[in-house]
Each structure stands twice: as structure tokens, then as C-alpha cells.
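First up is the structure itself, then whatever we jot down about it.
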Amino acid sequence: MLKKLYEWMLDKAGHPQATKWLAGISFAESSFFPIPPDVMLAPMCLAKPKRAYWYAFICTVSSVLGALLGYAIGFFLFETVGIAILEFYGVTDKFDTFAQSFNEQGWIVVLLAGFTPLPFKVITIAAGSTAMPLYVLVVAAIIARSARFFLVAVLLARFGAPMKEWIDKNFALATTLGGILFVGGFVAVKWLL
């Protein structure tokens with residue numbers, strides 16, 4: 001299933017409405033969608049390096065808005081929708097222990113999850129279910145998500161052609177590393193919880 005979603009997203013990166021797809025996926029990934037928007041952001045930045053910062057901005061704003069949906073799921077719908085999402089990611093059994101201490105250092109967890117391949121939606125749902133102050137979530141999400149997406153944009157806008165060449169020559173290695181990071185994010189969330 002994840003491979004098909006990944007390929008579908010790559011296809012949308014070349015779609016005439018790619019910017020709208022990028023916004024929608026960035027929004028959804030912060031609350032329930034399993035694949036990060038970087039899958040679309042990278043090829044879009046490579047294809048149009050002059051628009052890389054615009055794409056990063058779209059990712060950031062959409063992702064922070066999606067974090068608000070994740071928060072709402074955790075706050076209002078935790079027993080139904082929130083638990084189902086956590087079950088999908090296999091973190092339900094450790095969630096209660098995690099939730100007890102989440103708000104003490106939750107802003108650090110939001111920063112970490114927002115910047116790394118950790119599944120951000122698990123953290124936004126946790127923020128809502130533990131009633132983390134909303135401003136803390138928003139500020140931490142803005143910092144982490146903008147740092148992550150703008151770093152991708154800077155690297156690809158500045159080193160796009162050589163990076164594209166490297167990816168073309170080392171596609172198997174690049175996808176393997178991407179997969180390790182993706183899976184590592186889920187493993188790290190299980191470890192944190």
C-alpha cells in the first residue's frame with residue numbers, strides 16, 4: 001500500500017496542479033496521511049529550482065494547518081479517530097505512558113518530530129489528546145516544519161543538477177536510504193512512546 005501511495009505522490013509532483021497536491025498532502029501528512037510531502041517537494045524543487053522556496057513555504061503553511069487538524073483529532077475525537085490512527089502506526093499500547101509526560105517536554109518532541117522523519121501526525125494527535133497549549137504546538141510546528149522544508153529547498157535549489165545526477169546514478173541507494181529514514185521514523189516513535 002505504501003509503495004503505491006509513494007508512486008502516486010511522485011506522479012502528482014509532475015501534475016499541472018502539483019502545487020495544490022503538495023499543499024493537500026502536506027496538510028494531510030500532519031494529521032493522518034502516512035507519507036511525508038518531501039516525496040513531492042524534492043522532485044518539484046529539482047524541476048523548478050526558482051520556485052523551490054515557494055514550494056517550501058506551501059509545505060510549511062499547509063503542514064502547520066494540518067497539525068491543527070491532528071490536534072483537533074486528538075482533542076475532540078481521540079477515542080474514535082485518534083485511536084484508529086495510532087493503531088495504524090502501531091503505537092497504541094505505549095501511548096498512555098507517553099501521554100502522561102508529553103506536555104512537560106512536548107514542545108521538544110514536536111520540534112524533533114517536525115524536523116525528522118518521525119510520523120508528525122502521531123505527535124499532533126498526542127498534543128491534542130493531552131491538551132498541550134495550542135500556541136506551543138503551533139510555534140514548535142512552524143519552527144520545525146519551516147526548517148525541514150526550507151533545508152530541502154535550499155539544498156535542491158543550490159545543488160539541484162549535481163544532486164539530480166547523483167540520484168539518477170544512485171537511485172537504488174537513494175531510495176534505500178529514504179526507506180530506512182521513513183521506517184526509522186516509525187521505529188523511533190515506538191521507542192519514544
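Order determines the names: the first chain of the C-alpha cells is A, the second B, and so forth; residues in each chain are numbered 1 upward, and ligands are numbered 1 upward as they are shown.
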
Tell me which protein, DNA and RNA residues are within 12 Å of Lys48 in chain A, counting only C-alpha atoms, leaving out same-chain ones fewer than 5 positions away, and put them as a PyMOL selection string.
-> chain A and resi 13-14+18-19+41-43+53-55+153+156-158+160-161

Convert the current residue selection to file output with N, CA and C atoms, as a compact mmCIF listing (two decimals), in the first residue's frame.
```
# COMPACT_ATOMS: atom_id res chain seq x y z
N ALA A 13 3.66 14.97 -8.43
CA ALA A 13 4.70 16.01 -8.47
C ALA A 13 4.85 16.59 -9.87
N GLY A 14 4.49 15.83 -10.89
CA GLY A 14 4.57 16.31 -12.27
C GLY A 14 3.22 16.76 -12.82
N ALA A 18 0.28 20.44 -9.45
CA ALA A 18 1.19 19.87 -8.45
C ALA A 18 1.25 20.70 -7.17
N THR A 19 1.19 22.01 -7.29
CA THR A 19 1.26 22.87 -6.11
C THR A 19 0.08 22.62 -5.18
N LEU A 41 7.99 17.31 -2.72
CA LEU A 41 8.77 18.55 -2.65
C LEU A 41 10.10 18.42 -3.41
N ALA A 42 10.81 17.33 -3.20
CA ALA A 42 12.13 17.17 -3.83
C ALA A 42 12.07 17.21 -5.35
N PRO A 43 11.24 16.39 -6.01
CA PRO A 43 11.23 16.46 -7.47
C PRO A 43 10.69 17.79 -8.01
N TYR A 53 11.67 27.74 -2.99
CA TYR A 53 11.31 28.38 -1.72
C TYR A 53 9.80 28.56 -1.60
N TRP A 54 9.14 28.80 -2.71
CA TRP A 54 7.67 28.88 -2.71
C TRP A 54 7.08 27.53 -2.33
N TYR A 55 7.63 26.46 -2.88
CA TYR A 55 7.15 25.11 -2.55
C TYR A 55 7.38 24.81 -1.06
N ALA A 153 14.58 22.68 0.23
CA ALA A 153 14.52 23.63 -0.89
C ALA A 153 15.88 24.26 -1.17
N LEU A 156 18.30 21.64 -2.76
CA LEU A 156 17.96 21.28 -4.14
C LEU A 156 18.05 22.47 -5.09
N ALA A 157 17.71 23.67 -4.61
CA ALA A 157 17.82 24.85 -5.46
C ALA A 157 19.28 25.18 -5.73
N ARG A 158 20.13 24.97 -4.75
CA ARG A 158 21.53 25.33 -4.90
C ARG A 158 22.35 24.24 -5.59
N GLY A 160 20.96 21.48 -7.23
CA GLY A 160 19.98 20.66 -7.94
C GLY A 160 20.54 19.75 -9.01
N ALA A 161 21.28 20.28 -9.95
CA ALA A 161 21.76 19.46 -11.07
C ALA A 161 22.70 18.35 -10.59
```

Do you know which residues are at most 9 Å from Cys59 in chain A counting only C-alpha atoms, after dropping those on the same chain fewer than 4 positions away, and could you put them as a tab-separated table (two decimals) with C-alpha atoms, in the first residue's frame?
```tsv
chain	number	residue	atom	x	y	z
A	22	LEU	CA	1.63	19.44	-2.49
A	23	ALA	CA	-0.47	21.64	-0.21
A	24	GLY	CA	-3.08	18.95	0.29
A	25	ILE	CA	-0.56	16.22	1.05
A	26	SER	CA	1.41	18.48	3.40
A	27	PHE	CA	-1.83	19.20	5.26
A	37	PRO	CA	5.41	15.69	1.49
A	38	ASP	CA	9.16	15.58	0.84
A	41	LEU	CA	8.77	18.55	-2.65
A	54	TRP	CA	7.67	28.88	-2.71
A	55	TYR	CA	7.15	25.11	-2.55
A	63	SER	CA	1.70	21.27	7.36
A	64	VAL	CA	1.10	23.65	10.28
A	145	ARG	CA	8.48	22.35	9.59
A	146	SER	CA	9.94	25.51	8.04
A	149	PHE	CA	11.18	22.08	4.18
```

Could you write out, as a short mmCIF file (atom, residue, chain, number, x, y, z; two decimals) with N, CA, C and O atoms, in the first residue's frame, all the residues of range 36-147 of chain A that DSSP marks as alpha helix (DSSP H)?
```cif
data_model
loop_
_atom_site.label_atom_id
_atom_site.label_comp_id
_atom_site.auth_asym_id
_atom_site.auth_seq_id
_atom_site.Cartn_x
_atom_site.Cartn_y
_atom_site.Cartn_z
N ASP A 38 7.83 15.50 1.46
CA ASP A 38 9.16 15.58 0.84
C ASP A 38 9.23 14.77 -0.46
O ASP A 38 10.01 15.09 -1.35
N VAL A 39 8.43 13.72 -0.52
CA VAL A 39 8.39 12.87 -1.72
C VAL A 39 8.00 13.70 -2.94
O VAL A 39 8.50 13.46 -4.04
N MET A 40 7.12 14.67 -2.75
CA MET A 40 6.75 15.57 -3.85
C MET A 40 7.64 16.81 -3.89
O MET A 40 7.97 17.29 -4.96
N LEU A 41 7.99 17.31 -2.72
CA LEU A 41 8.77 18.55 -2.65
C LEU A 41 10.10 18.42 -3.41
O LEU A 41 10.46 19.31 -4.18
N ALA A 42 10.81 17.33 -3.20
CA ALA A 42 12.13 17.17 -3.83
C ALA A 42 12.07 17.21 -5.35
O ALA A 42 12.77 18.02 -5.97
N PRO A 43 11.24 16.39 -6.01
CA PRO A 43 11.23 16.46 -7.47
C PRO A 43 10.69 17.79 -8.01
O PRO A 43 11.13 18.25 -9.06
N MET A 44 9.79 18.41 -7.25
CA MET A 44 9.28 19.71 -7.70
C MET A 44 10.37 20.77 -7.62
O MET A 44 10.49 21.62 -8.52
N CYS A 45 11.19 20.74 -6.57
CA CYS A 45 12.31 21.68 -6.44
C CYS A 45 13.36 21.45 -7.52
O CYS A 45 13.94 22.40 -8.03
N LEU A 46 13.59 20.19 -7.84
CA LEU A 46 14.56 19.88 -8.90
C LEU A 46 14.06 20.34 -10.26
O LEU A 46 14.83 20.85 -11.07
N ALA A 47 12.77 20.16 -10.49
CA ALA A 47 12.20 20.54 -11.80
C ALA A 47 12.14 22.06 -11.97
O ALA A 47 12.36 22.56 -13.07
N ALA A 52 11.56 26.75 -5.66
CA ALA A 52 11.81 25.86 -4.53
C ALA A 52 11.37 26.47 -3.20
O ALA A 52 10.76 25.80 -2.37
N TYR A 53 11.67 27.74 -2.99
CA TYR A 53 11.31 28.38 -1.72
C TYR A 53 9.80 28.56 -1.60
O TYR A 53 9.25 28.48 -0.50
N TRP A 54 9.14 28.80 -2.71
CA TRP A 54 7.67 28.88 -2.71
C TRP A 54 7.08 27.53 -2.33
O TRP A 54 6.16 27.45 -1.51
N TYR A 55 7.63 26.46 -2.88
CA TYR A 55 7.15 25.11 -2.55
C TYR A 55 7.38 24.81 -1.06
O TYR A 55 6.52 24.22 -0.40
N ALA A 56 8.52 25.22 -0.53
CA ALA A 56 8.81 25.00 0.89
C ALA A 56 7.83 25.79 1.76
O ALA A 56 7.37 25.29 2.80
N PHE A 57 7.52 27.00 1.33
CA PHE A 57 6.54 27.82 2.06
C PHE A 57 5.18 27.15 2.06
O PHE A 57 4.50 27.08 3.10
N ILE A 58 4.76 26.64 0.91
CA ILE A 58 3.47 25.95 0.81
C ILE A 58 3.46 24.73 1.74
O ILE A 58 2.48 24.49 2.46
N CYS A 59 4.53 23.96 1.72
CA CYS A 59 4.63 22.79 2.61
C CYS A 59 4.51 23.21 4.07
O CYS A 59 3.80 22.58 4.86
N THR A 60 5.21 24.27 4.44
CA THR A 60 5.22 24.71 5.84
C THR A 60 3.84 25.15 6.29
O THR A 60 3.32 24.67 7.30
N VAL A 61 3.22 26.04 5.55
CA VAL A 61 1.90 26.56 5.94
C VAL A 61 0.87 25.43 5.97
O VAL A 61 0.12 25.29 6.95
N SER A 62 0.86 24.61 4.95
CA SER A 62 -0.11 23.51 4.89
C SER A 62 0.12 22.50 6.01
O SER A 62 -0.83 21.98 6.60
N SER A 63 1.38 22.23 6.31
CA SER A 63 1.70 21.27 7.36
C SER A 63 1.28 21.79 8.73
O SER A 63 0.75 21.04 9.55
N VAL A 64 1.50 23.06 8.99
CA VAL A 64 1.10 23.65 10.28
C VAL A 64 -0.44 23.64 10.39
O VAL A 64 -0.98 23.31 11.45
N LEU A 65 -1.12 23.94 9.31
CA LEU A 65 -2.59 23.87 9.33
C LEU A 65 -3.06 22.43 9.55
O LEU A 65 -4.01 22.18 10.30
N GLY A 66 -2.37 21.48 8.94
CA GLY A 66 -2.68 20.07 9.15
C GLY A 66 -2.43 19.64 10.58
O GLY A 66 -3.12 18.78 11.13
N ALA A 67 -1.41 20.24 11.22
CA ALA A 67 -1.13 19.95 12.63
C ALA A 67 -2.32 20.35 13.50
O ALA A 67 -2.63 19.69 14.48
N LEU A 68 -3.01 21.42 13.09
CA LEU A 68 -4.21 21.83 13.83
C LEU A 68 -5.32 20.77 13.70
O LEU A 68 -6.04 20.51 14.67
N LEU A 69 -5.43 20.15 12.53
CA LEU A 69 -6.39 19.06 12.38
C LEU A 69 -5.98 17.88 13.25
O LEU A 69 -6.82 17.27 13.93
N GLY A 70 -4.68 17.54 13.26
CA GLY A 70 -4.20 16.46 14.13
C GLY A 70 -4.52 16.76 15.59
O GLY A 70 -4.97 15.88 16.33
N TYR A 71 -4.31 17.99 15.99
CA TYR A 71 -4.62 18.41 17.36
C TYR A 71 -6.12 18.23 17.64
O TYR A 71 -6.50 17.70 18.68
N ALA A 72 -6.95 18.66 16.69
CA ALA A 72 -8.41 18.52 16.85
C ALA A 72 -8.82 17.06 16.96
O ALA A 72 -9.69 16.70 17.75
N ILE A 73 -8.19 16.21 16.16
CA ILE A 73 -8.48 14.77 16.24
C ILE A 73 -8.15 14.27 17.64
O ILE A 73 -8.94 13.54 18.26
N GLY A 74 -6.99 14.64 18.15
CA GLY A 74 -6.60 14.21 19.50
C GLY A 74 -7.48 14.80 20.58
O GLY A 74 -7.81 14.13 21.56
N PHE A 75 -7.88 16.03 20.42
CA PHE A 75 -8.66 16.73 21.45
C PHE A 75 -10.13 16.31 21.45
O PHE A 75 -10.70 16.04 22.50
N PHE A 76 -10.74 16.26 20.26
CA PHE A 76 -12.18 16.01 20.17
C PHE A 76 -12.54 14.56 19.81
O PHE A 76 -13.60 14.08 20.18
N ILE A 83 -7.51 7.02 18.14
CA ILE A 83 -7.04 5.66 18.48
C ILE A 83 -6.84 4.84 17.20
O ILE A 83 -5.86 4.09 17.10
N ALA A 84 -7.73 4.98 16.23
CA ALA A 84 -7.59 4.23 14.97
C ALA A 84 -6.30 4.61 14.25
O ALA A 84 -5.60 3.74 13.72
N ILE A 85 -5.95 5.89 14.25
CA ILE A 85 -4.71 6.33 13.60
C ILE A 85 -3.50 5.79 14.36
O ILE A 85 -2.55 5.29 13.75
N LEU A 86 -3.54 5.86 15.67
CA LEU A 86 -2.43 5.34 16.47
C LEU A 86 -2.28 3.83 16.29
O LEU A 86 -1.15 3.32 16.24
N GLU A 87 -3.40 3.11 16.17
CA GLU A 87 -3.34 1.67 15.91
C GLU A 87 -2.67 1.39 14.57
O GLU A 87 -1.87 0.46 14.44
N PHE A 88 -2.99 2.19 13.56
CA PHE A 88 -2.39 2.03 12.24
C PHE A 88 -0.87 2.12 12.33
O PHE A 88 -0.15 1.38 11.66
N THR A 92 -0.35 2.36 19.91
CA THR A 92 -1.43 2.48 20.89
C THR A 92 -1.03 1.95 22.26
O THR A 92 -1.34 2.59 23.28
N ASP A 93 -0.36 0.82 22.33
CA ASP A 93 -0.07 0.19 23.61
C ASP A 93 0.83 1.02 24.52
O ASP A 93 0.73 0.96 25.73
N LYS A 94 1.68 1.85 23.96
CA LYS A 94 2.60 2.66 24.76
C LYS A 94 2.13 4.11 24.90
O LYS A 94 2.79 4.92 25.55
N PHE A 95 1.00 4.43 24.32
CA PHE A 95 0.57 5.82 24.25
C PHE A 95 0.23 6.39 25.63
O PHE A 95 0.57 7.54 25.92
N ASP A 96 -0.42 5.64 26.49
CA ASP A 96 -0.81 6.16 27.81
C ASP A 96 0.40 6.62 28.61
O ASP A 96 0.39 7.69 29.21
N THR A 97 1.45 5.80 28.63
CA THR A 97 2.67 6.16 29.35
C THR A 97 3.29 7.42 28.76
O THR A 97 3.70 8.33 29.48
N PHE A 98 3.32 7.48 27.44
CA PHE A 98 3.88 8.63 26.74
C PHE A 98 3.07 9.88 27.05
O PHE A 98 3.63 10.94 27.33
N ALA A 99 1.74 9.78 27.03
CA ALA A 99 0.85 10.93 27.21
C ALA A 99 1.03 11.56 28.59
O ALA A 99 0.88 12.78 28.73
N GLN A 100 1.35 10.77 29.60
CA GLN A 100 1.50 11.30 30.95
C GLN A 100 2.62 12.33 31.05
O GLN A 100 2.52 13.29 31.79
N SER A 101 3.69 12.12 30.33
CA SER A 101 4.82 13.05 30.41
C SER A 101 4.96 13.95 29.18
O SER A 101 5.87 14.77 29.12
N PHE A 102 4.06 13.82 28.23
CA PHE A 102 4.19 14.53 26.96
C PHE A 102 4.24 16.05 27.13
O PHE A 102 5.09 16.72 26.56
N ASN A 103 3.32 16.61 27.92
CA ASN A 103 3.24 18.06 27.99
C ASN A 103 4.41 18.70 28.72
O ASN A 103 4.68 19.88 28.53
N GLU A 104 5.13 17.95 29.53
CA GLU A 104 6.30 18.52 30.20
C GLU A 104 7.39 18.89 29.20
O GLU A 104 8.06 19.89 29.34
N GLN A 105 7.59 18.03 28.19
CA GLN A 105 8.62 18.28 27.19
C GLN A 105 8.05 18.14 25.78
O GLN A 105 8.79 17.88 24.84
N GLY A 106 6.75 18.30 25.67
CA GLY A 106 6.09 18.12 24.38
C GLY A 106 6.61 19.01 23.28
O GLY A 106 6.69 18.61 22.12
N TRP A 107 6.99 20.24 23.63
CA TRP A 107 7.48 21.15 22.59
C TRP A 107 8.75 20.62 21.95
O TRP A 107 8.98 20.78 20.77
N ILE A 108 9.60 19.94 22.75
CA ILE A 108 10.82 19.35 22.20
C ILE A 108 10.47 18.20 21.26
O ILE A 108 11.05 18.06 20.18
N VAL A 109 9.48 17.41 21.66
CA VAL A 109 9.04 16.29 20.82
C VAL A 109 8.44 16.81 19.51
O VAL A 109 8.69 16.26 18.45
N VAL A 110 7.67 17.89 19.60
CA VAL A 110 7.09 18.49 18.38
C VAL A 110 8.20 18.98 17.47
O VAL A 110 8.17 18.75 16.25
N LEU A 111 9.21 19.64 18.03
CA LEU A 111 10.35 20.10 17.21
C LEU A 111 11.05 18.92 16.55
O LEU A 111 11.35 18.95 15.35
N LEU A 112 11.31 17.88 17.32
CA LEU A 112 12.00 16.71 16.80
C LEU A 112 11.18 16.04 15.70
O LEU A 112 11.68 15.75 14.61
N ALA A 113 9.92 15.79 15.98
CA ALA A 113 9.06 15.11 15.00
C ALA A 113 8.82 15.98 13.77
O ALA A 113 8.68 15.47 12.66
N GLY A 114 8.76 17.28 13.96
CA GLY A 114 8.51 18.17 12.83
C GLY A 114 9.68 18.28 11.87
O GLY A 114 9.50 18.58 10.70
N PHE A 115 10.88 18.04 12.37
CA PHE A 115 12.07 18.18 11.54
C PHE A 115 12.57 16.85 10.98
O PHE A 115 13.16 16.81 9.91
N PHE A 120 4.82 12.79 12.12
CA PHE A 120 4.37 14.03 12.76
C PHE A 120 2.93 13.92 13.24
O PHE A 120 2.56 14.49 14.25
N LYS A 121 2.11 13.16 12.50
CA LYS A 121 0.69 13.06 12.85
C LYS A 121 0.50 12.42 14.23
O LYS A 121 -0.42 12.79 14.95
N VAL A 122 1.35 11.50 14.62
CA VAL A 122 1.24 10.88 15.95
C VAL A 122 1.44 11.95 17.03
O VAL A 122 0.74 11.98 18.04
N ILE A 123 2.37 12.85 16.79
CA ILE A 123 2.69 13.89 17.76
C ILE A 123 1.58 14.94 17.81
O ILE A 123 1.22 15.42 18.89
N THR A 124 1.02 15.31 16.67
CA THR A 124 -0.05 16.32 16.69
C THR A 124 -1.30 15.76 17.38
O THR A 124 -1.98 16.48 18.11
N ILE A 125 -1.58 14.49 17.17
CA ILE A 125 -2.72 13.86 17.84
C ILE A 125 -2.44 13.78 19.34
O ILE A 125 -3.32 14.05 20.17
N ALA A 126 -1.19 13.44 19.71
CA ALA A 126 -0.82 13.41 21.13
C ALA A 126 -0.98 14.78 21.77
O ALA A 126 -1.44 14.91 22.90
N ALA A 127 -0.60 15.82 21.03
CA ALA A 127 -0.72 17.18 21.56
C ALA A 127 -2.18 17.51 21.87
O ALA A 127 -2.48 18.10 22.91
N GLY A 128 -3.08 17.10 21.00
CA GLY A 128 -4.50 17.35 21.25
C GLY A 128 -5.06 16.50 22.38
O GLY A 128 -5.80 16.98 23.23
N SER A 129 -4.69 15.23 22.40
CA SER A 129 -5.25 14.33 23.42
C SER A 129 -4.76 14.67 24.82
O SER A 129 -5.42 14.36 25.80
N LEU A 134 -2.21 25.10 22.66
CA LEU A 134 -2.21 25.15 21.20
C LEU A 134 -1.09 26.03 20.67
O LEU A 134 -0.46 25.69 19.66
N TYR A 135 -0.81 27.13 21.33
CA TYR A 135 0.25 28.02 20.85
C TYR A 135 1.62 27.32 20.86
O TYR A 135 2.46 27.59 20.01
N VAL A 136 1.85 26.42 21.81
CA VAL A 136 3.11 25.68 21.87
C VAL A 136 3.24 24.79 20.63
O VAL A 136 4.29 24.76 19.98
N LEU A 137 2.16 24.07 20.31
CA LEU A 137 2.17 23.23 19.11
C LEU A 137 2.43 24.07 17.87
O LEU A 137 3.28 23.72 17.04
N VAL A 138 1.73 25.17 17.73
CA VAL A 138 1.84 25.99 16.52
C VAL A 138 3.25 26.57 16.37
O VAL A 138 3.85 26.48 15.30
N VAL A 139 3.80 27.13 17.43
CA VAL A 139 5.15 27.72 17.35
C VAL A 139 6.19 26.65 17.04
O VAL A 139 7.04 26.83 16.16
N ALA A 140 6.13 25.52 17.76
CA ALA A 140 7.10 24.45 17.52
C ALA A 140 6.96 23.89 16.11
O ALA A 140 7.96 23.60 15.44
N ALA A 141 5.71 23.75 15.64
CA ALA A 141 5.49 23.23 14.29
C ALA A 141 6.02 24.20 13.23
O ALA A 141 6.63 23.77 12.25
N ILE A 142 5.80 25.48 13.41
CA ILE A 142 6.30 26.47 12.45
C ILE A 142 7.83 26.40 12.38
O ILE A 142 8.41 26.37 11.28
N ILE A 143 8.48 26.36 13.53
CA ILE A 143 9.95 26.31 13.56
C ILE A 143 10.46 25.04 12.88
O ILE A 143 11.31 25.08 11.99
N ALA A 144 9.93 23.90 13.31
CA ALA A 144 10.44 22.61 12.81
C ALA A 144 10.12 22.38 11.34
O ALA A 144 10.99 21.96 10.57
N ARG A 145 8.87 22.63 10.97
CA ARG A 145 8.48 22.35 9.59
C ARG A 145 9.15 23.30 8.61
O ARG A 145 9.58 22.90 7.53
N SER A 146 9.27 24.59 8.96
CA SER A 146 9.94 25.51 8.04
C SER A 146 11.41 25.14 7.92
O SER A 146 11.97 25.16 6.82
N ALA A 147 12.05 24.77 9.03
CA ALA A 147 13.46 24.37 8.96
C ALA A 147 13.63 23.16 8.05
O ALA A 147 14.53 23.13 7.21
#
```

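Picture a line from CA of Trp8 in chain A to CA of Pro119 in chain A; it runs 19.4 Å.
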